file start_9.txt (compact mmCIF, C-alpha atoms and all ligand atoms)
# COMPACT_ATOMS: atom_id res chain seq x y z
CA MET O 4 118.79 67.54 22.82
CA LYS O 5 118.67 70.61 25.02
CA LYS O 6 120.10 70.01 28.47
CA ALA O 7 120.10 71.94 31.72
CA ILE O 8 123.34 73.45 33.01
CA GLN O 9 124.07 72.94 36.69
CA ILE O 10 125.07 76.16 38.42
CA LYS O 11 125.24 74.91 42.04
CA ASP O 12 124.37 71.87 44.08
CA GLN O 13 120.66 71.16 43.33
CA ILE O 14 120.33 74.26 41.13
CA TYR O 15 120.17 74.30 37.32
CA TRP O 16 119.87 76.87 34.56
CA VAL O 17 117.02 75.81 32.27
CA GLY O 18 116.65 78.97 30.22
CA VAL O 19 117.09 79.70 26.52
CA GLN O 20 119.31 81.81 24.33
CA ASP O 21 117.44 84.02 21.86
CA PHE O 22 120.41 84.66 19.59
CA ASN O 23 118.42 86.46 16.91
CA LEU O 24 116.61 89.00 19.04
CA ARG O 25 117.40 92.51 17.83
CA HIS O 26 114.59 94.48 19.44
CA PHE O 27 114.01 93.96 23.13
CA HIS O 28 110.64 95.24 24.34
CA GLY O 29 109.63 96.33 20.85
CA SER O 30 111.44 99.29 19.39
CA LEU O 31 112.34 100.57 22.85
CA TYR O 32 115.65 98.81 23.06
CA PRO O 33 117.55 97.71 19.94
CA ILE O 34 120.18 95.13 20.88
CA GLU O 35 123.20 93.76 19.07
CA GLU O 36 123.65 90.09 19.88
CA GLY O 37 120.46 88.62 21.28
CA THR O 38 119.69 87.80 24.88
CA THR O 39 118.80 84.96 27.21
CA TYR O 40 115.61 84.25 29.10
CA ASN O 41 116.94 82.68 32.24
CA ALA O 42 114.80 80.18 34.11
CA TYR O 43 116.19 78.19 37.01
CA LEU O 44 115.28 74.84 38.53
CA ILE O 45 115.77 73.91 42.18
CA VAL O 46 115.73 70.13 42.54
CA ASP O 47 115.01 69.46 46.19
CA GLU O 48 112.37 67.33 47.95
CA GLN O 49 110.08 69.54 45.92
CA VAL O 50 111.03 70.72 42.44
CA THR O 51 110.75 74.47 41.95
CA LEU O 52 110.97 76.43 38.71
CA ILE O 53 111.94 80.09 38.94
CA ASP O 54 110.44 82.00 35.99
CA THR O 55 109.68 80.70 32.51
CA VAL O 56 110.69 82.04 29.09
CA GLU O 57 109.20 83.71 25.99
CA GLU O 58 106.32 81.55 24.83
CA GLU O 59 107.89 80.37 21.56
CA PHE O 60 110.84 78.88 23.45
CA THR O 61 108.78 76.86 25.94
CA PRO O 62 109.61 73.49 24.30
CA VAL O 63 113.31 74.18 24.95
CA LEU O 64 112.59 75.09 28.56
CA LEU O 65 110.61 71.86 29.06
CA GLU O 66 113.34 69.81 27.40
CA ARG O 67 115.98 71.26 29.70
CA ILE O 68 113.76 70.66 32.76
CA ARG O 69 113.19 67.02 31.77
CA SER O 70 116.92 66.54 31.21
CA VAL O 71 117.26 66.89 34.99
CA ILE O 72 114.08 65.56 36.54
CA GLY O 73 112.90 63.10 33.90
CA ASP O 74 109.32 62.16 34.73
CA ARG O 75 109.27 63.83 38.13
CA PRO O 76 106.82 66.70 38.23
CA VAL O 77 107.53 70.37 38.91
CA ASP O 78 105.87 71.22 42.24
CA ASN O 79 106.25 75.00 42.41
CA ILE O 80 106.57 77.77 39.85
CA ILE O 81 107.82 81.12 41.06
CA VAL O 82 106.49 83.89 38.81
CA GLN O 83 108.91 86.66 39.66
CA HIS O 84 107.61 88.89 36.90
CA ALA O 85 104.50 88.68 34.75
CA GLU O 86 106.01 90.34 31.67
CA PRO O 87 105.76 87.89 28.76
CA ASP O 88 109.53 87.44 28.31
CA HIS O 89 109.40 85.66 31.68
CA SER O 90 105.84 84.41 31.88
CA GLY O 91 105.07 83.66 28.21
CA GLY O 92 105.81 79.98 28.74
CA PHE O 93 103.83 79.79 32.00
CA GLU O 94 100.61 78.31 30.63
CA LYS O 95 102.39 75.59 28.65
CA VAL O 96 104.44 74.70 31.73
CA MET O 97 101.20 74.51 33.74
CA GLN O 98 99.78 72.19 31.07
CA ALA O 99 102.86 69.98 31.43
CA TYR O 100 102.71 70.09 35.24
CA PRO O 101 99.05 70.71 36.14
CA ASN O 102 99.58 70.17 39.86
CA ALA O 103 102.32 72.76 40.16
CA VAL O 104 101.58 75.62 42.57
CA PRO O 105 102.38 79.07 41.16
CA TYR O 106 103.66 81.81 43.49
CA ALA O 107 103.60 85.50 42.62
CA SER O 108 103.37 88.89 44.30
CA ASN O 109 99.90 90.39 44.72
CA ALA O 110 100.49 92.66 41.72
CA GLY O 111 101.94 89.70 39.85
CA VAL O 112 98.76 87.68 40.31
CA GLN O 113 96.67 90.58 39.07
CA ILE O 114 98.79 91.03 35.95
CA MET O 115 98.89 87.28 35.24
CA MET O 116 95.08 87.22 35.41
CA LYS O 117 94.87 90.18 33.03
CA GLN O 118 97.22 88.50 30.58
CA TYR O 119 96.19 84.84 30.70
CA PHE O 120 92.56 85.12 31.94
CA HIS O 121 92.68 81.95 33.98
CA ASP O 122 93.04 81.48 37.72
CA TYR O 123 95.76 78.94 38.29
CA HIS O 124 95.16 79.19 42.06
CA TYR O 125 98.14 81.44 42.52
CA GLN O 126 99.66 81.72 45.98
CA LYS O 127 100.27 85.39 46.73
CA VAL O 128 103.54 86.14 48.47
CA LYS O 129 104.97 89.31 49.94
CA THR O 130 108.36 90.45 51.19
CA GLY O 131 109.66 88.11 53.88
CA ASP O 132 107.38 85.19 53.01
CA THR O 133 109.22 81.89 52.69
CA LEU O 134 108.77 78.58 50.97
CA SER O 135 110.63 75.50 52.13
CA THR O 136 111.31 73.02 49.36
CA GLY O 137 113.21 70.53 51.54
CA VAL O 138 116.81 71.48 52.19
CA ASN O 139 116.34 74.94 50.65
CA THR O 140 114.27 77.84 51.90
CA LEU O 141 113.18 80.46 49.41
CA THR O 142 112.61 84.00 50.72
CA PHE O 143 110.62 86.37 48.54
CA VAL O 144 111.35 90.09 48.30
CA GLU O 145 109.00 92.33 46.35
CA MET O 146 110.71 94.97 44.23
CA PRO O 147 107.79 96.95 42.81
CA LEU O 148 108.59 99.11 39.79
CA ILE O 149 111.94 97.54 39.11
CA HIS O 150 110.59 97.78 36.49
CA TRP O 151 106.90 96.70 36.65
CA PRO O 152 104.61 96.85 39.70
CA ASP O 153 104.87 93.10 40.25
CA ASN O 154 108.59 92.32 40.11
CA MET O 155 109.99 90.32 42.96
CA LEU O 156 113.22 88.50 43.66
CA THR O 157 113.89 85.24 45.46
CA TYR O 158 116.76 84.47 47.81
CA VAL O 159 117.71 80.85 48.36
CA ASP O 160 119.63 80.59 51.61
CA GLN O 161 121.22 77.15 51.26
CA ALA O 162 122.62 77.95 47.82
CA LYS O 163 123.28 81.62 48.68
CA ILE O 164 121.79 82.69 45.37
CA LEU O 165 119.78 85.85 44.79
CA PHE O 166 117.47 85.24 41.83
CA SER O 167 117.11 88.88 40.90
CA ASN O 168 114.82 88.75 37.86
CA ASP O 169 115.25 91.96 35.80
CA ALA O 170 117.56 93.63 38.32
CA PHE O 171 121.24 93.17 37.42
CA GLY O 172 120.24 91.83 33.98
CA GLN O 173 122.13 92.41 30.74
CA HIS O 174 121.94 91.18 27.18
CA ILE O 175 124.74 88.67 26.84
CA ALA O 176 123.75 85.48 25.04
CA GLY O 177 125.92 82.40 25.22
CA TYR O 178 126.69 79.16 26.98
CA GLU O 179 129.22 80.76 29.33
CA LEU O 180 126.74 81.44 32.10
CA PHE O 181 129.02 83.14 34.59
CA ASP O 182 130.52 86.63 34.59
CA GLU O 183 134.05 85.23 34.94
CA ALA O 184 133.98 84.20 31.27
CA TYR O 185 134.05 87.87 30.31
CA ALA O 186 136.08 90.96 31.21
CA LEU O 187 134.67 92.98 34.09
CA ASN O 188 134.26 96.15 32.00
CA PHE O 189 132.33 94.30 29.33
CA CYS O 190 129.89 92.92 31.91
CA LEU O 191 129.44 96.28 33.64
CA ASP O 192 128.94 98.05 30.32
CA LYS O 193 126.24 95.57 29.28
CA ALA O 194 124.54 95.93 32.68
CA LYS O 195 124.72 99.70 32.38
CA GLU O 196 123.12 99.58 28.94
CA TYR O 197 120.31 97.35 30.27
CA TYR O 198 119.74 99.57 33.30
CA ALA O 199 119.72 102.75 31.21
CA ASN O 200 117.23 101.36 28.72
CA ILE O 201 114.88 99.51 31.06
CA VAL O 202 115.32 100.57 34.67
CA MET O 203 116.51 104.21 34.56
CA PRO O 204 113.10 105.77 35.37
CA TYR O 205 112.98 103.83 38.64
CA GLY O 206 116.24 104.96 40.26
CA MET O 207 114.57 105.84 43.54
CA GLN O 208 113.03 102.37 43.87
CA VAL O 209 116.38 100.76 43.00
CA ALA O 210 118.27 102.84 45.58
CA ASN O 211 115.73 101.95 48.30
CA LYS O 212 115.74 98.26 47.38
CA LEU O 213 119.54 98.04 47.36
CA LYS O 214 119.56 99.51 50.83
CA ALA O 215 116.81 97.16 52.05
CA LEU O 216 118.70 94.16 50.67
CA LYS O 217 121.91 95.31 52.35
CA ASP O 218 120.01 95.61 55.63
CA MET O 219 118.89 91.99 55.24
CA ASN O 220 122.57 90.95 55.46
CA LEU O 221 122.15 88.23 52.88
CA ASP O 222 125.08 85.94 52.26
CA ILE O 223 125.28 86.05 48.45
CA ASP O 224 127.47 83.77 46.34
CA MET O 225 125.64 84.44 43.08
CA ILE O 226 123.20 86.95 41.65
CA ALA O 227 121.21 85.16 38.98
CA PRO O 228 119.18 87.56 36.85
CA ALA O 229 116.53 86.76 34.26
CA HIS O 230 118.67 87.98 31.33
CA GLY O 231 122.34 87.45 30.62
CA ILE O 232 125.19 86.20 32.75
CA ILE O 233 125.12 85.18 36.40
CA TRP O 234 127.18 87.40 38.67
CA LYS O 235 129.73 85.50 40.74
CA GLN O 236 133.21 87.05 40.54
CA TYR O 237 132.02 90.62 40.02
CA ILE O 238 129.25 90.85 42.63
CA ASN O 239 130.82 93.78 44.51
CA ALA O 240 131.49 95.64 41.28
CA ILE O 241 127.96 95.26 39.91
CA TRP O 242 126.43 96.15 43.28
CA ASN O 243 128.54 99.30 43.47
CA ALA O 244 127.70 100.11 39.84
CA TYR O 245 123.98 99.73 40.58
CA GLU O 246 124.26 102.13 43.51
CA GLY O 247 125.84 104.57 41.08
CA PHE O 248 123.20 104.04 38.39
CA ALA O 249 120.36 104.50 40.87
CA SER O 250 121.76 107.80 42.14
CA PHE O 251 122.78 109.05 38.66
CA ARG O 252 126.42 109.10 39.70
CA SER O 253 127.98 111.08 36.84
CA GLU O 254 131.23 112.32 35.39
CA ALA O 255 132.30 115.45 33.49
CA LYS O 256 130.77 114.14 30.29
CA ALA O 257 128.41 115.69 27.75
CA VAL O 258 126.15 113.79 25.39
CA ILE O 259 125.29 115.76 22.26
CA VAL O 260 122.28 114.38 20.39
CA TYR O 261 120.96 115.96 17.22
CA ASP O 262 119.26 115.51 13.88
CA SER O 263 120.16 117.50 10.81
CA VAL O 264 119.20 117.42 7.13
CA TRP O 265 121.69 119.85 5.54
CA HIS O 266 124.41 119.44 8.22
CA HIS O 267 123.87 122.89 9.72
CA THR O 268 122.80 121.61 13.13
CA GLN O 269 125.51 118.98 12.78
CA MET O 270 128.13 121.73 12.35
CA MET O 271 126.80 123.31 15.54
CA ALA O 272 126.99 119.95 17.36
CA GLU O 273 130.59 119.56 16.27
CA ALA O 274 131.47 123.10 17.40
CA LEU O 275 129.91 122.34 20.78
CA ALA O 276 131.94 119.13 20.96
CA GLU O 277 135.12 121.02 20.11
CA GLY O 278 134.59 123.64 22.82
CA LEU O 279 133.67 121.06 25.45
CA GLY O 280 136.16 118.39 24.47
CA GLN O 281 139.11 120.78 24.28
CA ASN O 282 138.29 122.00 27.76
CA GLY O 283 138.25 118.83 29.79
CA VAL O 284 134.72 117.49 29.22
CA LYS O 285 134.40 114.03 27.72
CA VAL O 286 132.02 114.25 24.74
CA LYS O 287 129.82 111.76 22.98
CA VAL O 288 128.18 113.00 19.77
CA TYR O 289 125.28 111.20 18.12
CA LYS O 290 123.14 111.87 15.09
CA TYR O 291 120.00 110.36 16.57
CA SER O 292 118.48 108.97 13.39
CA GLU O 293 121.67 107.03 12.64
CA THR O 294 122.44 105.68 16.09
CA MET O 295 121.07 102.74 18.07
CA SER O 296 119.10 104.54 20.74
CA CYS O 297 120.33 102.06 23.39
CA ILE O 298 123.82 103.53 23.10
CA ILE O 299 122.59 107.06 23.61
CA MET O 300 120.55 106.03 26.68
CA LYS O 301 123.57 104.21 28.11
CA GLU O 302 125.89 107.19 27.67
CA LEU O 303 123.30 109.55 29.04
CA LEU O 304 123.05 107.71 32.36
CA ASP O 305 126.36 108.98 33.79
CA ALA O 306 126.75 112.20 31.79
CA LYS O 307 126.52 115.51 33.62
CA ALA O 308 125.30 117.37 30.52
CA ILE O 309 122.99 116.76 27.59
CA PHE O 310 122.76 118.96 24.51
CA VAL O 311 119.88 118.33 22.12
CA GLY O 312 119.71 119.84 18.64
CA SER O 313 117.41 119.82 15.65
CA GLY O 314 116.87 121.80 12.49
CA CYS O 315 113.41 123.30 12.00
CA TYR O 316 111.22 121.33 9.60
CA ASN O 317 107.70 122.52 8.81
CA ASN O 318 107.71 124.60 11.98
CA THR O 319 108.71 121.78 14.24
CA MET O 320 111.69 119.68 15.35
CA SER O 321 112.61 116.32 13.81
CA SER O 322 110.18 113.61 14.91
CA GLU O 323 113.08 111.45 16.14
CA ILE O 324 114.33 114.22 18.41
CA ALA O 325 110.76 114.85 19.63
CA GLY O 326 110.49 111.14 20.50
CA PHE O 327 113.87 111.20 22.21
CA LEU O 328 112.86 114.19 24.34
CA ASP O 329 109.64 112.47 25.39
CA ARG O 330 111.68 109.44 26.43
CA LEU O 331 114.05 111.70 28.35
CA ILE O 332 111.07 113.14 30.24
CA SER O 333 110.07 109.62 31.27
CA CYS O 334 113.54 108.86 32.65
CA LYS O 335 113.33 111.13 35.72
CA VAL O 336 117.03 111.98 35.47
CA LYS O 337 118.64 113.84 38.34
CA GLY O 338 121.46 116.36 38.63
CA LYS O 339 121.95 117.00 34.91
CA VAL O 340 122.37 120.24 32.99
CA GLY O 341 121.68 120.80 29.32
CA LEU O 342 120.74 123.08 26.45
CA GLY O 343 118.89 123.02 23.15
CA PHE O 344 120.40 124.12 19.85
CA GLY O 345 119.59 124.07 16.17
CA SER O 346 119.50 125.76 12.79
CA TRP O 347 116.38 127.33 11.25
CA GLY O 348 115.29 129.14 8.09
CA TRP O 349 112.32 131.39 8.85
CA PHE O 350 110.90 130.20 12.19
CA ASN O 351 113.33 130.30 15.10
CA GLN O 352 111.33 128.36 17.70
CA VAL O 353 112.70 124.83 17.74
CA PRO O 354 115.73 125.25 20.08
CA GLY O 355 113.48 127.05 22.60
CA ARG O 356 110.99 124.19 22.43
CA ILE O 357 113.81 121.74 23.01
CA ASN O 358 114.74 123.76 26.10
CA ASP O 359 111.14 123.53 27.35
CA LYS O 360 111.26 119.75 26.99
CA LEU O 361 114.64 119.58 28.72
CA LYS O 362 113.18 121.54 31.64
CA GLU O 363 110.21 119.18 31.72
CA ALA O 364 112.73 116.35 32.00
CA GLY O 365 114.17 117.95 35.14
CA ILE O 366 117.32 119.18 33.43
CA THR O 367 118.75 122.53 34.53
CA LEU O 368 119.39 124.78 31.55
CA LEU O 369 122.89 126.13 30.96
CA GLN O 370 123.52 129.69 29.75
CA GLU O 371 120.42 130.93 31.60
CA GLY O 372 118.27 128.98 29.21
CA ALA O 373 119.42 130.84 26.09
CA ALA O 374 119.27 128.14 23.43
CA ILE O 375 121.95 128.22 20.74
CA THR O 376 120.33 129.06 17.44
CA GLN O 377 121.60 129.60 13.93
CA ASN O 378 119.91 131.02 10.84
CA TYR O 379 120.76 128.60 7.98
CA THR O 380 124.48 127.75 7.57
CA PRO O 381 126.87 128.66 10.40
CA SER O 382 129.85 130.69 9.20
CA GLU O 383 133.36 130.18 10.59
CA SER O 384 132.79 133.04 13.00
CA ASP O 385 129.40 131.63 14.10
CA LEU O 386 131.13 128.35 14.86
CA SER O 387 133.83 130.15 16.84
CA VAL O 388 131.14 131.80 18.96
CA ILE O 389 129.58 128.39 19.67
CA GLU O 390 132.99 126.93 20.57
CA ALA O 391 133.61 129.81 22.97
CA LYS O 392 130.21 129.32 24.62
CA ALA O 393 130.93 125.60 24.90
CA ALA O 394 134.29 126.36 26.55
CA GLU O 395 132.46 128.48 29.14
CA MET O 396 129.91 125.72 29.71
CA ALA O 397 132.74 123.20 30.11
CA GLU O 398 133.84 125.08 33.22
CA THR O 399 130.31 124.93 34.63
CA ILE O 400 130.00 121.21 33.85
CA LYS O 401 133.32 120.41 35.49
CA SER O 402 132.36 122.37 38.59
CA LEU O 403 129.16 120.33 39.20
C1 LIG O 501 111.73 119.65 4.78
C2 LIG O 501 112.19 120.95 5.33
C3 LIG O 501 111.28 121.80 5.92
C4 LIG O 501 111.68 123.01 6.47
N1 LIG O 501 110.78 123.77 7.12
C5 LIG O 501 111.19 124.89 7.77
C6 LIG O 501 110.30 125.64 8.56
O1 LIG O 501 109.12 125.32 8.68
N2 LIG O 501 110.77 126.71 9.23
C7 LIG O 501 112.08 127.08 9.16
O2 LIG O 501 112.48 128.02 9.81
N3 LIG O 501 112.96 126.39 8.39
C8 LIG O 501 112.55 125.30 7.70
N4 LIG O 501 113.43 124.59 6.96
C9 LIG O 501 114.79 125.10 6.78
C10 LIG O 501 115.75 124.46 7.75
O3 LIG O 501 115.35 124.65 9.06
C11 LIG O 501 117.12 125.06 7.51
O4 LIG O 501 117.58 124.70 6.23
C12 LIG O 501 118.12 124.61 8.55
O5 LIG O 501 119.35 125.24 8.31
C13 LIG O 501 118.29 123.10 8.46
O6 LIG O 501 119.16 122.65 9.43
P1 LIG O 501 119.82 121.22 9.28
O7 LIG O 501 120.78 121.29 8.14
O8 LIG O 501 120.51 120.99 10.56
O9 LIG O 501 118.72 120.27 9.04
C14 LIG O 501 113.03 123.39 6.38
C15 LIG O 501 113.96 122.52 5.79
C16 LIG O 501 113.55 121.32 5.28
C17 LIG O 501 114.56 120.36 4.72
call {"tool": "encode", "arguments": {"input": "start_9.txt", "output": "structure tokens"}}
result
Amino acid sequence: MKKAIQIKDQIYWVGVQDFNLRHFHGSLYPIEEGTTYNAYLIVDEQVTLIDTVEEEFTPVLLERIRSVIGDRPVDNIIVQHAEPDHSGGFEKVMQAYPNAVPYASNAGVQIMMKQYFHDYHYQKVKTGDTLSTGVNTLTFVEMPLIHWPDNMLTYVDQAKILFSNDAFGQHIAGYELFDEAYALNFCLDKAKEYYANIVMPYGMQVANKLKALKDMNLDIDMIAPAHGIIWKQYINAIWNAYEGFASFRSEAKAVIVYDSVWHHTQMMAEALAEGLGQNGVKVKVYKYSETMSCIIMKELLDAKAIFVGSGCYNNTMSSEIAGFLDRLISCKVKGKVGLGFGSWGWFNQVPGRINDKLKEAGITLLQEGAAITQNYTPSESDLSVIEAKAAEMAETIKSL
């Protein structure tokens, strides 16, 4: 039997672990060890459910709810986010508790109607609106575009818990619900990966919301997101990390991403790495087609420089690199420099096109935009030239 786990007086975790999930949000975000869909139950004079779970797991959610309240009904359902990993179970929960009142942001109601086609007499709430459930008062705070238009979070004053939905989430799946079960760096790394893959394009909204929340002077004992562990011991650290993520706080690090059939572009990538790495820039080198893209996105977040390379194939770059560059454009990165590179046979246009895409992504080109190109196989002396250029660029990167 699936049981709830109490996290504070009157407050229970009633979510599910999806241990087998390997692709979060389709192919966008490959993950290693599954995730959780966290739903929470506040058992007060009224019973309130915060979020639901992916539809297929709804029976587990209902079982955990009943393990606490038995035959008592759920009175309120807070729909913090309409995306199906949080709202997929909503209709089945409404069938189980037909008198429950659902609360959502204005945008949330619109999206729920578009997805489930039925008006459940939603109560629209906006920032500052409250709901008293007895001893506890819930305060709603909209956080549009972190990462959909409808996201909101809920602060419960009595329990001092910020139910943060997708903000502060990470993919850690287990029965140890609190951060203290894991090392700080592990938790921050997982949160960084989640932010980089899901939230990165919305840095401005995150920075503004963090400031607004600070101005509210909330007394916070726990931050309970919709995925992964609940922050308790490491609240200051994750808050500070989020401020860094949102402002693209970076270090003297270069991410080199490439694709290569006959290893020529790979040899160039390795020469770049040598010149940068030997001159004080931390380097991360990835052959895109053989790397989980989530790792590249994570490393990119706090890198000062990005180098993107591809051989030329039928007059164009590798389709994986083209896809990566389009994703980079969507990320609205700030304060980064970069350069394209690659090997070609009879059409030397690909590295220049990579540069165009990098510019479109808001990245300032190094070396006055002169992409590094190579006709077929780089010789030892070609590689030395690339290393020397990389050494020069290392100085620029370190000076930023
Ligand atoms: C399937 C295929 C198609 C190619 N098409 C072109 C082309 O259209 N224009 C060109 O300049 N070179 C073309 N080449 C040659 C490569 O660009 C060249 O071999 C380059 O050195 C490959 O770099 P890599 O080893 O990093 O993949 C092609 C190579 C392959 C494998």
call {"tool": "closest_residue", "arguments": {"input": "start_9.txt", "among": "O:Ser382, O:Thr136, O:Asn243, O:Ser108", "to": "ligand LIG 501 (chain O)", "atoms": "only C-alpha atoms and all ligand atoms"}}
result
O:Ser382
call {"tool": "residues_near_ligand", "arguments": {"input": "start_9.txt", "ligand": "ligand LIG 501 (chain O)", "cutoff": "9 Å", "atoms": "all atoms listed in the file", "output": "tab-separated table (two decimals) with C-alpha atoms, in the coordinates of the input"}}
result
chain	number	residue	atom	x	y	z
O	261	TYR	CA	120.96	115.96	17.22
O	262	ASP	CA	119.26	115.51	13.88
O	263	SER	CA	120.16	117.50	10.81
O	264	VAL	CA	119.20	117.42	7.13
O	265	TRP	CA	121.69	119.85	5.54
O	266	HIS	CA	124.41	119.44	8.22
O	267	HIS	CA	123.87	122.89	9.72
O	268	THR	CA	122.80	121.61	13.13
O	269	GLN	CA	125.51	118.98	12.78
O	270	MET	CA	128.13	121.73	12.35
O	271	MET	CA	126.80	123.31	15.54
O	312	GLY	CA	119.71	119.84	18.64
O	313	SER	CA	117.41	119.82	15.65
O	314	GLY	CA	116.87	121.80	12.49
O	315	CYS	CA	113.41	123.30	12.00
O	316	TYR	CA	111.22	121.33	9.60
O	317	ASN	CA	107.70	122.52	8.81
O	318	ASN	CA	107.71	124.60	11.98
O	319	THR	CA	108.71	121.78	14.24
O	320	MET	CA	111.69	119.68	15.35
O	321	SER	CA	112.61	116.32	13.81
O	345	GLY	CA	119.59	124.07	16.17
O	346	SER	CA	119.50	125.76	12.79
O	347	TRP	CA	116.38	127.33	11.25
O	348	GLY	CA	115.29	129.14	8.09
O	349	TRP	CA	112.32	131.39	8.85
O	350	PHE	CA	110.90	130.20	12.19
O	351	ASN	CA	113.33	130.30	15.10
O	352	GLN	CA	111.33	128.36	17.70
O	353	VAL	CA	112.70	124.83	17.74
O	377	GLN	CA	121.60	129.60	13.93
O	378	ASN	CA	119.91	131.02	10.84
O	379	TYR	CA	120.76	128.60	7.98
O	380	THR	CA	124.48	127.75	7.57
O	381	PRO	CA	126.87	128.66	10.40
call {"tool": "residues_around", "arguments": {"input": "start_9.txt", "residues": "Gly18 of chain O", "least_positions_apart": "4", "cutoff": "10 Å", "atoms": "all atoms listed in the file", "output": "PyMOL selection string"}}
result
chain O and resi 6-8+39-44+53-57+60-61+63-65+67-68+89+229-230
call {"tool": "write_last_selection", "arguments": {"input": "start_9.txt", "atoms": "C-alpha atoms", "output": "PDB file, keeping the file's coordinate frame"}}
result
ATOM      1  CA  LYS O   6     120.100  70.010  28.470  1.00  0.00           C
ATOM      2  CA  ALA O   7     120.100  71.940  31.720  1.00  0.00           C
ATOM      3  CA  ILE O   8     123.340  73.450  33.010  1.00  0.00           C
ATOM      4  CA  THR O  39     118.800  84.960  27.210  1.00  0.00           C
ATOM      5  CA  TYR O  40     115.610  84.250  29.100  1.00  0.00           C
ATOM      6  CA  ASN O  41     116.940  82.680  32.240  1.00  0.00           C
ATOM      7  CA  ALA O  42     114.800  80.180  34.110  1.00  0.00           C
ATOM      8  CA  TYR O  43     116.190  78.190  37.010  1.00  0.00           C
ATOM      9  CA  LEU O  44     115.280  74.840  38.530  1.00  0.00           C
ATOM     10  CA  ILE O  53     111.940  80.090  38.940  1.00  0.00           C
ATOM     11  CA  ASP O  54     110.440  82.000  35.990  1.00  0.00           C
ATOM     12  CA  THR O  55     109.680  80.700  32.510  1.00  0.00           C
ATOM     13  CA  VAL O  56     110.690  82.040  29.090  1.00  0.00           C
ATOM     14  CA  GLU O  57     109.200  83.710  25.990  1.00  0.00           C
ATOM     15  CA  PHE O  60     110.840  78.880  23.450  1.00  0.00           C
ATOM     16  CA  THR O  61     108.780  76.860  25.940  1.00  0.00           C
ATOM     17  CA  VAL O  63     113.310  74.180  24.950  1.00  0.00           C
ATOM     18  CA  LEU O  64     112.590  75.090  28.560  1.00  0.00           C
ATOM     19  CA  LEU O  65     110.610  71.860  29.060  1.00  0.00           C
ATOM     20  CA  ARG O  67     115.980  71.260  29.700  1.00  0.00           C
ATOM     21  CA  ILE O  68     113.760  70.660  32.760  1.00  0.00           C
ATOM     22  CA  HIS O  89     109.400  85.660  31.680  1.00  0.00           C
ATOM     23  CA  ALA O 229     116.530  86.760  34.260  1.00  0.00           C
ATOM     24  CA  HIS O 230     118.670  87.980  31.330  1.00  0.00           C
TER      25      HIS O 230
END
call {"tool": "atom_distance", "arguments": {"input": "start_9.txt", "atom1": "atom CA of Gln113 of chain O", "atom2": "atom CA of Gly131 of chain O"}}
result
19.9 Å
call {"tool": "closest_residue", "arguments": {"input": "start_9.txt", "among": "O:Gln13, O:Gln20, O:Asn109, O:Gln236", "to": "Tyr125 of chain O", "atoms": "all atoms listed in the file"}}
result
O:Asn109
call {"tool": "residues_around", "arguments": {"input": "start_9.txt", "residues": "Gly283 of chain O", "least_positions_apart": "2", "cutoff": "9 Å", "atoms": "only C-alpha atoms", "output": "list in words"}}
result
Ala255, Lys256, Leu279, Gly280, Gln281, Lys285, Ala397, Glu398 and Lys401 of chain O
call {"tool": "closest_residue", "arguments": {"input": "start_9.txt", "among": "O:Ile45, O:Cys190, O:Ala374, O:Ile238", "to": "Asn139 of chain O", "atoms": "only C-alpha atoms"}}
result
O:Ile45
